[in-house]
Amino acid sequence: MADLPRDPACTPTPLQPDLDRTLADLRAAYGDSADLTVRRLHTGGHDFACVTLDNMADKELLDRLLLAPLQNAGRLPRDPVACMAHVERTLSRAPEQKRLHRLDQVFCQLGDGFGVLLLNGCSHALAVGVQAFPARGVEPPQNDVMERAAHEAFTEVLGRNVALLRRRVKSPMLTVETLTVGERSATKVAVCYLRDSARPETVDRIKRRLQAVRMDMVLESGYLQPFLENNAPSLFSTVGVSERPDTVCAKLSEGRVAVLTDGSPFCLFTPFLFVEHFQSMDDYTLQPAYATLIRLLKMLAFFLAVLLPGLYVAIGEHNPEVFPGAIFFKVIDAEMTTPFSLLWEALIIHTIYEIMREAGLRLPKSVGHAVSIVGALVIGEAAVDAGLIGAPMIIVVAVTALASYVIPSLYYPAAILRFGLIVVGGVAGLFGVLLGFAGVVTAIAAQQAYGVPLLAPLSPFDPAAMRDTFWRVGWRRLARRTVRVQNLQGTDEDA
Amino acid sequence: MNSQKTVGAGQLLLFLTFARVTVSLTHHFNTARHVIGQADWLAALLLPAVLAVLVLPTAWLLRVGEGRTVCRAARLLGKGWGAIYAGAYALLFFVMAFAAVGRFSFFVTSTMQPDQSPWFFPALLLLPVCYAALKGLQAIMRAGAVLAVMGLVLVVFVLATLVPRMDLLNVYSPLYNGWGGLARSVAMVTANSGVGAVLLMVAPRVRGRWQRAYAGYALAAGVAVFGVAFTTLAVLGGFSRIQLFPFFTAAGVANVGELNNLSALYAAAWIWGVFVQAALYLELCWQCLSAFIPDRFRTAALVVLAALAAVCAGLITGSLPAARQSFQPVGLLVMHGVYMVVLPLVLAAGLQFKKRKEAAYAQLDASGG
C-alpha cells in the first residue's frame, strides 16, 4: 500500500517569508482543494495574498474590513515586517485579529472561518475574524425541555455558547479558558468556571486531562466525556451533560467546572453527583412543594425502572407467596396460558421494547408513528391474544418504560441494570435482586468525582445540602447560602 | 477531609446499629432456656450499659495506641506481636463474615426456600460481597449507610404493622424466672453484640468522634432489640418459643391493606444487613492480613478468603448442629470476650508499659545517668 501523505496540520512548521513558497505549501497541504481561495494583490509596493476557505468566511466583510482599506492605503512602510505591523495596527478594521507564525496555525484559523493575510518577505501572517460558516441559531432545547425555564439551548458554535453563559453571568469571575483538542479536527474546547467558586485543583486537573487527550477527531462533547471521568469503568457518570445555559450557570455557581466543545450543543460539567439526575431547572421555578413532589416521583420512577421487572420475575418465579392474594391469582391465571417462563417472557418483551425504541428514535417522525402503532399492535394485542406473553408482564413493561423516561439521563444505566436484574431475579429469586441492588448502591458509593463522593450529600450525609436534595426549600431560605460542591461532607481534598 | 479519615461518624453509627438489628432479627427465645424469653426485653434495656462497659478496653487501646488500628498498634510491641494480633483479628473477622452469611443461608433454606441447596446462597453472596470488599472500607461504609437507612425503615415498618396485633397478656414479668433468667438473657443479647469489635480497626479512620457514634449505637441497639423482642413476644406469646425465627413468623402474619405477608420486607432488611456485614468483615480480615500478602496477590487473596468464607457458610447451612452452634450464646460470648476485652487489654497494657519504660529511659538520658 502506498504511503498516505502526512497531515501538515499535525506538524508545527514555521511560516516562510517567501510568499510563493508559502502559497505553494498551502496548496500542497490542501491537495489543491476546490474550496481554498487565494486572492493575490499588489499594493503599496508589496505583494499580499489573502487566503480563505469558501463558505467559511464572509468575503464581503473581509473586503470591507481589510482588503478595501489596504488597497486605499497609498504608500506603505518598505520593510515587510513594519508593513504588516502597520496593516495590523492602522489599516485593519477587524475587531478580531491574530498574528500567526506557523503553518498549522494558518490551517486552524482557516478552518475557523478566518481570512489570512500573507505578505511577501514577512514570516508571520495576520488572521482576521470574518466567520460566516453555516450554523444553527439559538433554538429551544430538544432534550432538557422545561415548563417555565428559558427556551434557549446551546448551539454548535462555541463562541455563541460562551456568549449564552456570559449573558447570564456578568461577573468578571466567570473565566473561559480555551484549549485545542484533536490532532486533525483541532476542536476548540472552552473550560468555564467561576474563579471564586470552583476549586483551582479541579480546574487544573480538568485542563490537564483535556490536554492529554490524544485523538485525531473530536466531533462531539461525548468524545471528551470519558477523559473527564474516573479511570474505573462504571455505569454511572461523574460528568453531567446539559444543553441548557441556565442549568450550566447554576452549576458554575455551585463550584462546578463546565466544558464546552465546538461543534456540540451539549455542555459537560463536573463534579456531578448522583442526586443531580433528579433535579431540573423547573424545580427552581415551580412551587417548592410541587418541586419536592416531582423529585420524589422521579426517585420512585428510577427504582421502578430498575427494579420492577426483576422483582416481578423473582417473586413470580420463586416467592409467589409475597404477592397479595388477588394479584397472585391473576398472575397465575395469566402464566398458565403462556409457553414461556416469566424470566424468558421478561427478556423477550424487554428486548422487543428496546428494539422498538431504537427504531422509533432514529426514524423520521412520520415513520416513527408507524413503529408505535406496530409496537402497540404486536406487543399489546397480538402477543397477549396469541397467549405468548402474559398480560401482567405487558403492564410491567409499560410501567417500566414510562418510569425510565422520567429521568432521561439515567435511561441507559437503568436499561442495562434492568436486564441484569431480570436474569438475577429469574435465577436467584428475590434475594438475587436485593443483592444486585446492594451491589449497584456499592458501585455508586465507590465513585468520586474530583474528590467529591458521587453519592453525596446522601452518604456521606450532609444536612446543609438536604434542603435541595429530597425536597427543595423556598428561595428565601435557599438564597441565604450557596452550597459549593467541594464543601460537601466527605470530599477528599487530597484527591 | 483528610484522606486517611475516610469514614463518617454517622456511617459508623448506622453500620453498627444495622448490623445489630440484623442479628436481632434472628432473635429466638429458647436459647436461654427459660420461659418464652420474658426477660429478653428487659435485658435489651440493660444492653446500652453493658455495651458501654464492653467498649472500655477498646477505648483504652485506641488512646494508648494513639489512633492506630489494633494490628498497627500491636506492631509497636514488635513484629511477632504484630503478626499474632493480625492473625487473631483476621480470624475473628473471617469467622464473623461466614457466620453472618451462614445464619442467613440457614434462615433461607429452613424457612423461605427449603428446597434450595445449602451452597446456593453463600455462592450467590460471594460475588457482590467480594466486589464490595475490593472497593474498600470507604465504599462499604457509604453504601452501608444507604442500605442501613432503607433496611431500618423496613424493620420499623414491619414493627409498626405488628402493633395492632400485640396483646399485652402475652407479656409476663421479666423476672418470672428470677434474676438468673435475667442474667442469662443479658448474656445472650450481649453475645449477639460482637459487632463492636470492628471499632478496633475502623475507629482510627473515623472523621469526628467515634465515641459519639458508639454511644448512639449502644442506645439504638437497646431500643432495637427491645422493639423486636417485645413486639414478637406480645404478638406471638408462647408460640414464639417453638419458632426458629419468631420475628419472621410475626412478619408473616402482619398485613397492611392488601399486603398480607411482609416477610419479604424482613428478608430484604436481613440480606442487606448480611451483605454489608460480610463485605466489611471480609475487608477487615483482608486488611489484617495485608502485611503478609505481596501486593500482586492481594486481589487473589481476597477472592480466596471470600470463597473460603462461602464454603464455611455452606457447611453451617448444611449441618443443623453447626447451625445451632453458630447461634449458641456461650461460644459467642467467649469469643467476643476474648477479642473485645482480653486481647485489647493485654495490648493496651503492653503499650502503656513500653511507653513508661521509654519515658523512664528518656528521663535517665536527660539527667545524664
# chains A, B, ... in the order shown; residues from 1 in each chain; ligands from 1

call {"tool": "residues_around", "arguments": {"residues": "Pro172 (chain A)", "least_positions_apart": "3", "cutoff": "9 Å", "atoms": "only C-alpha atoms", "output": "ChimeraX atom specification"}}
result
/A:169,175,194-195

call {"tool": "write_last_selection", "arguments": {"atoms": "C-alpha atoms", "output": "PDB file, in the first residue's frame"}}
result
ATOM      1  CA  VAL A 169     -23.328  35.637  34.453  1.00  0.00           C
ATOM      2  CA  THR A 175     -13.373  32.654  33.374  1.00  0.00           C
ATOM      3  CA  LEU A 194     -16.179  30.949  38.369  1.00  0.00           C
ATOM      4  CA  ARG A 195     -12.814  31.760  39.911  1.00  0.00           C
TER       5      ARG A 195
END

call {"tool": "interface_residues", "arguments": {"of": "chain A", "to": "chain B", "cutoff": "9 Å", "atoms": "only C-alpha atoms", "output": "PyMOL selection string"}}
result
chain A and resi 318-319+321-326+428+430-432+434-436+438-439+441-447+455+458-461+489-495

call {"tool": "write_last_selection", "arguments": {"atoms": "N, CA and C atoms", "output": "tab-separated table (two decimals), in the first residue's frame"}}
result
chain	number	residue	atom	x	y	z
A	318	HIS	N	-40.09	-17.42	42.12
A	318	HIS	CA	-39.55	-18.07	43.33
A	318	HIS	C	-40.34	-17.82	44.61
A	319	ASN	N	-40.93	-16.65	44.76
A	319	ASN	CA	-41.61	-16.33	46.02
A	319	ASN	C	-43.02	-15.79	45.76
A	321	GLU	N	-45.70	-16.29	47.15
A	321	GLU	CA	-46.49	-16.03	48.35
A	321	GLU	C	-46.44	-14.57	48.77
A	322	VAL	N	-45.45	-13.83	48.24
A	322	VAL	CA	-45.32	-12.42	48.61
A	322	VAL	C	-46.39	-11.56	47.92
A	323	PHE	N	-46.89	-12.02	46.75
A	323	PHE	CA	-47.96	-11.26	46.07
A	323	PHE	C	-49.21	-11.21	46.95
A	324	PRO	N	-49.90	-10.08	46.97
A	324	PRO	CA	-51.21	-10.06	47.62
A	324	PRO	C	-52.15	-11.08	46.92
A	325	GLY	N	-53.06	-11.65	47.69
A	325	GLY	CA	-53.90	-12.75	47.19
A	325	GLY	C	-54.51	-12.52	45.81
A	326	ALA	N	-55.16	-11.35	45.62
A	326	ALA	CA	-55.87	-11.10	44.36
A	326	ALA	C	-54.88	-11.09	43.19
A	428	ALA	N	-31.96	-16.38	40.80
A	428	ALA	CA	-31.75	-16.42	42.26
A	428	ALA	C	-32.92	-15.88	43.06
A	430	LEU	N	-35.86	-13.40	44.76
A	430	LEU	CA	-35.93	-12.11	45.43
A	430	LEU	C	-34.57	-11.70	46.02
A	431	PHE	N	-33.88	-12.69	46.60
A	431	PHE	CA	-32.60	-12.38	47.25
A	431	PHE	C	-31.56	-11.93	46.22
A	432	GLY	N	-31.63	-12.51	45.04
A	432	GLY	CA	-30.71	-12.12	43.97
A	432	GLY	C	-30.92	-10.67	43.60
A	434	LEU	N	-32.33	-8.29	45.43
A	434	LEU	CA	-31.95	-7.42	46.54
A	434	LEU	C	-30.43	-7.29	46.64
A	435	LEU	N	-29.74	-8.39	46.42
A	435	LEU	CA	-28.27	-8.35	46.44
A	435	LEU	C	-27.73	-7.54	45.26
A	436	GLY	N	-28.36	-7.71	44.11
A	436	GLY	CA	-27.96	-6.93	42.93
A	436	GLY	C	-28.11	-5.44	43.21
A	438	ALA	N	-28.03	-4.02	46.13
A	438	ALA	CA	-26.97	-3.63	47.09
A	438	ALA	C	-25.65	-3.43	46.33
A	439	GLY	N	-25.39	-4.29	45.35
A	439	GLY	CA	-24.17	-4.14	44.54
A	439	GLY	C	-24.16	-2.84	43.76
A	441	VAL	N	-25.74	-0.06	44.61
A	441	VAL	CA	-25.50	1.03	45.58
A	441	VAL	C	-24.00	1.12	45.90
A	442	THR	N	-23.37	-0.04	46.05
A	442	THR	CA	-21.93	-0.04	46.35
A	442	THR	C	-21.14	0.55	45.18
A	443	ALA	N	-21.54	0.19	43.97
A	443	ALA	CA	-20.82	0.71	42.80
A	443	ALA	C	-20.93	2.23	42.74
A	444	ILE	N	-22.09	2.76	43.08
A	444	ILE	CA	-22.25	4.22	43.07
A	444	ILE	C	-21.45	4.84	44.21
A	445	ALA	N	-21.53	4.19	45.39
A	445	ALA	CA	-20.87	4.73	46.58
A	445	ALA	C	-19.35	4.73	46.42
A	446	ALA	N	-18.84	3.83	45.61
A	446	ALA	CA	-17.37	3.73	45.47
A	446	ALA	C	-16.79	4.83	44.59
A	447	GLN	N	-17.65	5.56	43.90
A	447	GLN	CA	-17.14	6.54	42.94
A	447	GLN	C	-16.97	7.93	43.54
A	455	LEU	N	-22.19	9.84	45.72
A	455	LEU	CA	-23.44	9.64	46.46
A	455	LEU	C	-23.74	10.79	47.42
A	458	LEU	N	-26.03	12.32	50.25
A	458	LEU	CA	-26.76	11.28	50.99
A	458	LEU	C	-25.80	10.49	51.86
A	459	SER	N	-24.72	10.04	51.27
A	459	SER	CA	-23.73	9.27	52.01
A	459	SER	C	-22.37	9.54	51.40
A	460	PRO	N	-21.52	10.32	52.06
A	460	PRO	CA	-21.62	10.91	53.39
A	460	PRO	C	-22.76	11.94	53.47
A	461	PHE	N	-23.44	11.89	54.59
A	461	PHE	CA	-24.62	12.72	54.78
A	461	PHE	C	-24.23	14.16	55.05
A	489	GLN	N	-19.80	17.28	52.72
A	489	GLN	CA	-19.18	16.35	53.66
A	489	GLN	C	-18.52	15.19	52.91
A	490	GLY	N	-17.34	14.81	53.36
A	490	GLY	CA	-16.70	13.63	52.81
A	490	GLY	C	-15.86	13.90	51.57
A	491	THR	N	-15.79	15.19	51.17
A	491	THR	CA	-14.97	15.49	49.99
A	491	THR	C	-13.50	15.32	50.34
A	492	ASP	N	-12.81	14.61	49.48
A	492	ASP	CA	-11.40	14.33	49.72
A	492	ASP	C	-10.56	15.45	49.12
A	493	GLU	N	-9.98	16.27	49.98
A	493	GLU	CA	-9.22	17.42	49.48
A	493	GLU	C	-7.91	17.00	48.82
A	494	ASP	N	-7.47	15.80	49.14
A	494	ASP	CA	-6.21	15.33	48.54
A	494	ASP	C	-6.42	14.75	47.15
A	495	ALA	N	-7.67	14.51	46.80
A	495	ALA	CA	-7.94	13.84	45.51
A	495	ALA	C	-7.76	14.81	44.36

call {"tool": "residues_around", "arguments": {"residues": "Arg64 (chain A)", "least_positions_apart": "2", "cutoff": "12 Å", "atoms": "only C-alpha atoms", "output": "number ranges by chain"}}
result
A: 58-62, 66-72, 91-94, 128, 130

call {"tool": "atom_distance", "arguments": {"atom1": "CA of Val371 (chain A)", "atom2": "CA of Leu307 (chain A)"}}
result
26.8 Å

call {"tool": "residues_around", "arguments": {"residues": "Leu152 (chain B)", "least_positions_apart": "2", "cutoff": "9 Å", "atoms": "only C-alpha atoms", "output": "PDB file with N, CA and C atoms, in the first residue's frame"}}
result
ATOM      1  N   THR B  17     -25.506  -0.061  64.158  1.00  0.00           N
ATOM      2  CA  THR B  17     -26.919  -0.257  64.502  1.00  0.00           C
ATOM      3  C   THR B  17     -27.568  -1.273  63.565  1.00  0.00           C
ATOM      4  N   PHE B  18     -27.301  -1.114  62.285  1.00  0.00           N
ATOM      5  CA  PHE B  18     -27.937  -2.007  61.317  1.00  0.00           C
ATOM      6  C   PHE B  18     -27.449  -3.449  61.515  1.00  0.00           C
ATOM      7  N   VAL B  21     -29.205  -4.771  64.510  1.00  0.00           N
ATOM      8  CA  VAL B  21     -30.622  -5.023  64.208  1.00  0.00           C
ATOM      9  C   VAL B  21     -30.749  -6.304  63.374  1.00  0.00           C
ATOM     10  N   LEU B 147     -27.996   1.520  52.633  1.00  0.00           N
ATOM     11  CA  LEU B 147     -28.750   0.277  52.824  1.00  0.00           C
ATOM     12  C   LEU B 147     -29.279   0.185  54.253  1.00  0.00           C
ATOM     13  N   ALA B 148     -28.500   0.713  55.207  1.00  0.00           N
ATOM     14  CA  ALA B 148     -28.929   0.666  56.603  1.00  0.00           C
ATOM     15  C   ALA B 148     -30.203   1.486  56.794  1.00  0.00           C
ATOM     16  N   VAL B 149     -30.217   2.676  56.211  1.00  0.00           N
ATOM     17  CA  VAL B 149     -31.413   3.521  56.352  1.00  0.00           C
ATOM     18  C   VAL B 149     -32.626   2.797  55.756  1.00  0.00           C
ATOM     19  N   MET B 150     -32.438   2.221  54.571  1.00  0.00           N
ATOM     20  CA  MET B 150     -33.555   1.526  53.923  1.00  0.00           C
ATOM     21  C   MET B 150     -33.976   0.300  54.745  1.00  0.00           C
ATOM     22  N   LEU B 154     -37.537  -0.451  56.798  1.00  0.00           N
ATOM     23  CA  LEU B 154     -38.346  -1.654  56.579  1.00  0.00           C
ATOM     24  C   LEU B 154     -38.660  -2.342  57.906  1.00  0.00           C
ATOM     25  N   VAL B 155     -37.644  -2.459  58.776  1.00  0.00           N
ATOM     26  CA  VAL B 155     -37.860  -3.128  60.066  1.00  0.00           C
ATOM     27  C   VAL B 155     -38.867  -2.350  60.901  1.00  0.00           C
ATOM     28  N   VAL B 156     -38.699  -1.021  60.935  1.00  0.00           N
ATOM     29  CA  VAL B 156     -39.636  -0.192  61.707  1.00  0.00           C
ATOM     30  C   VAL B 156     -41.047  -0.324  61.127  1.00  0.00           C
ATOM     31  N   PHE B 157     -41.127  -0.392  59.803  1.00  0.00           N
ATOM     32  CA  PHE B 157     -42.430  -0.531  59.155  1.00  0.00           C
ATOM     33  C   PHE B 157     -43.099  -1.847  59.565  1.00  0.00           C
ATOM     34  N   ALA B 269     -34.431  -6.561  54.579  1.00  0.00           N
ATOM     35  CA  ALA B 269     -33.602  -5.902  55.596  1.00  0.00           C
ATOM     36  C   ALA B 269     -32.450  -6.820  55.997  1.00  0.00           C
TER      37      ALA B 269
END

call {"tool": "residues_around", "arguments": {"residues": "Phe419 (chain A)", "least_positions_apart": "3", "cutoff": "9 Å", "atoms": "only C-alpha atoms", "output": "short mmCIF file (atom, residue, chain, number, x, y, z; two decimals) with N, CA and C atoms, in the first residue's frame"}}
result
data_model
loop_
_atom_site.label_atom_id
_atom_site.label_comp_id
_atom_site.auth_asym_id
_atom_site.auth_seq_id
_atom_site.Cartn_x
_atom_site.Cartn_y
_atom_site.Cartn_z
N VAL A 306 -35.59 0.38 37.33
CA VAL A 306 -34.50 -0.58 37.51
C VAL A 306 -35.01 -1.89 38.09
N PRO A 309 -39.20 -4.96 36.82
CA PRO A 309 -39.25 -6.25 36.08
C PRO A 309 -38.51 -7.37 36.82
N GLY A 310 -37.35 -7.02 37.40
CA GLY A 310 -36.57 -8.02 38.14
C GLY A 310 -37.35 -8.56 39.32
N ALA A 346 -39.97 -11.97 30.24
CA ALA A 346 -39.44 -10.62 30.53
C ALA A 346 -38.30 -10.27 29.59
N LEU A 347 -37.41 -11.23 29.34
CA LEU A 347 -36.27 -10.95 28.47
C LEU A 347 -36.74 -10.66 27.03
N HIS A 350 -38.72 -7.25 26.86
CA HIS A 350 -37.85 -6.09 27.03
C HIS A 350 -36.93 -5.90 25.84
N THR A 351 -36.50 -7.01 25.25
CA THR A 351 -35.65 -6.89 24.06
C THR A 351 -36.45 -6.27 22.92
N ALA A 414 -30.10 2.46 33.54
CA ALA A 414 -31.29 1.74 34.02
C ALA A 414 -31.61 0.57 33.09
N ALA A 415 -31.45 0.77 31.78
CA ALA A 415 -31.77 -0.30 30.82
C ALA A 415 -30.84 -1.49 31.02
N ILE A 416 -29.55 -1.21 31.21
CA ILE A 416 -28.58 -2.31 31.39
C ILE A 416 -28.85 -3.04 32.71
N ILE A 422 -33.24 -8.75 35.80
CA ILE A 422 -34.23 -9.74 35.34
C ILE A 422 -33.59 -11.14 35.38
N VAL A 423 -32.37 -11.22 34.87
CA VAL A 423 -31.68 -12.53 34.85
C VAL A 423 -31.42 -13.00 36.28
N VAL A 424 -30.90 -12.09 37.12
CA VAL A 424 -30.60 -12.46 38.51
C VAL A 424 -31.89 -12.86 39.24
#

call {"tool": "select_by_dssp", "arguments": {"residues": "region 110-325 of chain B", "states": "alpha helix (DSSP H)", "output": "PyMOL selection string"}}
result
chain B and resi 120-135+137-162+178-191+199-202+210-236+246-253+263-289+298-318+320-325

call {"tool": "atom_distance", "arguments": {"atom1": "CA of Val189 (chain A)", "atom2": "CA of Asp32 (chain A)"}}
result
29.3 Å

call {"tool": "residues_around", "arguments": {"residues": "Ala349 (chain B)", "least_positions_apart": "2", "cutoff": "12 Å", "atoms": "only C-alpha atoms", "output": "VMD selection string"}}
result
chain B and resid 57 to 58 60 to 65 73 to 74 77 341 to 347 351 to 356

call {"tool": "write_last_selection", "arguments": {"atoms": "C-alpha atoms", "output": "PDB file, in the first residue's frame"}}
result
ATOM      1  CA  PRO B  57     -10.735  -1.795  76.706  1.00  0.00           C
ATOM      2  CA  THR B  58     -11.140  -0.688  73.069  1.00  0.00           C
ATOM      3  CA  TRP B  60      -8.077   2.491  76.228  1.00  0.00           C
ATOM      4  CA  LEU B  61      -6.237   0.722  73.413  1.00  0.00           C
ATOM      5  CA  LEU B  62      -7.152   3.400  70.881  1.00  0.00           C
ATOM      6  CA  ARG B  63      -5.908   6.037  73.303  1.00  0.00           C
ATOM      7  CA  VAL B  64      -2.654   4.297  74.169  1.00  0.00           C
ATOM      8  CA  GLY B  65      -2.124   3.297  70.520  1.00  0.00           C
ATOM      9  CA  ALA B  73      -0.708  -0.853  67.470  1.00  0.00           C
ATOM     10  CA  ALA B  74       0.464  -4.436  68.065  1.00  0.00           C
ATOM     11  CA  LEU B  77       5.436  -4.028  70.532  1.00  0.00           C
ATOM     12  CA  VAL B 341     -11.837  -7.380  76.256  1.00  0.00           C
ATOM     13  CA  VAL B 342      -8.854  -9.677  76.813  1.00  0.00           C
ATOM     14  CA  LEU B 343      -6.746  -9.014  73.701  1.00  0.00           C
ATOM     15  CA  PRO B 344      -7.255  -5.208  73.676  1.00  0.00           C
ATOM     16  CA  LEU B 345      -6.493  -5.082  77.422  1.00  0.00           C
ATOM     17  CA  VAL B 346      -3.282  -7.093  77.037  1.00  0.00           C
ATOM     18  CA  LEU B 347      -2.141  -4.942  74.114  1.00  0.00           C
ATOM     19  CA  LEU B 351       1.870  -0.410  75.093  1.00  0.00           C
ATOM     20  CA  GLN B 352       1.418   1.508  78.316  1.00  0.00           C
ATOM     21  CA  PHE B 353       4.299  -0.404  79.890  1.00  0.00           C
ATOM     22  CA  LYS B 354       6.507   0.237  76.870  1.00  0.00           C
ATOM     23  CA  LYS B 355       5.676   3.925  76.903  1.00  0.00           C
ATOM     24  CA  ARG B 356       6.535   4.251  80.588  1.00  0.00           C
TER      25      ARG B 356
END

call {"tool": "atom_distance", "arguments": {"atom1": "CA of Gly331 (chain B)", "atom2": "CA of Trp81 (chain B)"}}
result
25.1 Å

call {"tool": "select_by_dssp", "arguments": {"residues": "region 231-480 of chain A", "states": "strand (DSSP E)", "output": "list in words"}}
result
Gly240, Val241, Ser242, Val257, Ala258, Val259, Leu260, Thr261, Cys267, Leu268, Phe269, Thr270, Gln448, Ala449, Val452 and Pro453 of chain A

call {"tool": "residues_around", "arguments": {"residues": "Ala224 (chain B)", "least_positions_apart": "3", "cutoff": "9 Å", "atoms": "only C-alpha atoms", "output": "PyMOL selection string"}}
result
chain B and resi 17+20-21+24+44+219-221+227-229

call {"tool": "write_last_selection", "arguments": {"atoms": "C-alpha atoms", "output": "JSON list (two decimals), in the first residue's frame"}}
result
[["chain", "number", "residue", "atom", "x", "y", "z"],
["B", 17, "THR", "CA", -26.92, -0.26, 64.50],
["B", 20, "ARG", "CA", -27.05, -5.32, 65.50],
["B", 21, "VAL", "CA", -30.62, -5.02, 64.21],
["B", 24, "SER", "CA", -31.73, -9.19, 66.40],
["B", 44, "ALA", "CA", -32.40, -5.28, 75.92],
["B", 219, "LEU", "CA", -28.74, 3.24, 72.72],
["B", 220, "ALA", "CA", -30.07, 2.24, 69.29],
["B", 221, "ALA", "CA", -29.09, -1.40, 69.88],
["B", 227, "GLY", "CA", -38.54, -3.43, 69.91],
["B", 228, "VAL", "CA", -38.03, -6.78, 68.21],
["B", 229, "ALA", "CA", -38.17, -8.90, 71.40]]

call {"tool": "decode", "arguments": {"residues": "region 294-336 of chain B", "atoms": "C-alpha atoms", "output": "mmCIF file, in the first residue's frame"}}
result
data_model
loop_
_atom_site.group_PDB
_atom_site.id
_atom_site.type_symbol
_atom_site.label_atom_id
_atom_site.label_comp_id
_atom_site.auth_asym_id
_atom_site.auth_seq_id
_atom_site.Cartn_x
_atom_site.Cartn_y
_atom_site.Cartn_z
ATOM 1 C CA PRO B 294 2.531 -9.493 48.453
ATOM 2 C CA ASP B 295 0.828 -6.666 46.559
ATOM 3 C CA ARG B 296 0.318 -8.609 43.342
ATOM 4 C CA PHE B 297 -1.569 -11.379 45.165
ATOM 5 C CA ARG B 298 -3.814 -9.070 47.195
ATOM 6 C CA THR B 299 -6.873 -9.333 44.955
ATOM 7 C CA ALA B 300 -6.432 -13.067 44.576
ATOM 8 C CA ALA B 301 -6.117 -13.367 48.359
ATOM 9 C CA LEU B 302 -9.417 -11.577 48.840
ATOM 10 C CA VAL B 303 -11.151 -13.850 46.353
ATOM 11 C CA VAL B 304 -9.734 -16.896 48.127
ATOM 12 C CA LEU B 305 -10.864 -15.537 51.507
ATOM 13 C CA ALA B 306 -14.357 -14.903 50.146
ATOM 14 C CA ALA B 307 -14.509 -18.390 48.646
ATOM 15 C CA LEU B 308 -13.379 -19.937 51.937
ATOM 16 C CA ALA B 309 -15.991 -17.905 53.815
ATOM 17 C CA ALA B 310 -18.638 -19.148 51.387
ATOM 18 C CA VAL B 311 -17.534 -22.753 51.937
ATOM 19 C CA CYS B 312 -17.671 -22.343 55.725
ATOM 20 C CA ALA B 313 -21.091 -20.671 55.468
ATOM 21 C CA GLY B 314 -22.262 -23.539 53.272
ATOM 22 C CA LEU B 315 -21.100 -26.027 55.883
ATOM 23 C CA ILE B 316 -23.066 -24.180 58.582
ATOM 24 C CA THR B 317 -26.152 -24.190 56.383
ATOM 25 C CA GLY B 318 -25.856 -27.847 55.523
ATOM 26 C CA SER B 319 -25.413 -29.098 59.045
ATOM 27 C CA LEU B 320 -28.014 -28.492 61.747
ATOM 28 C CA PRO B 321 -25.539 -28.985 64.641
ATOM 29 C CA ALA B 322 -23.177 -26.453 63.068
ATOM 30 C CA ALA B 323 -26.053 -24.033 62.565
ATOM 31 C CA ARG B 324 -27.153 -24.447 66.170
ATOM 32 C CA GLN B 325 -23.587 -23.835 67.269
ATOM 33 C CA SER B 326 -23.426 -20.564 65.341
ATOM 34 C CA PHE B 327 -26.444 -19.336 67.322
ATOM 35 C CA GLN B 328 -25.166 -20.524 70.718
ATOM 36 C CA PRO B 329 -24.592 -17.554 73.008
ATOM 37 C CA VAL B 330 -21.920 -19.203 75.177
ATOM 38 C CA GLY B 331 -19.410 -19.626 72.363
ATOM 39 C CA LEU B 332 -20.152 -16.162 71.017
ATOM 40 C CA LEU B 333 -19.794 -14.653 74.462
ATOM 41 C CA VAL B 334 -16.394 -16.284 74.987
ATOM 42 C CA MET B 335 -15.217 -15.253 71.509
ATOM 43 C CA HIS B 336 -16.259 -11.646 71.877
#
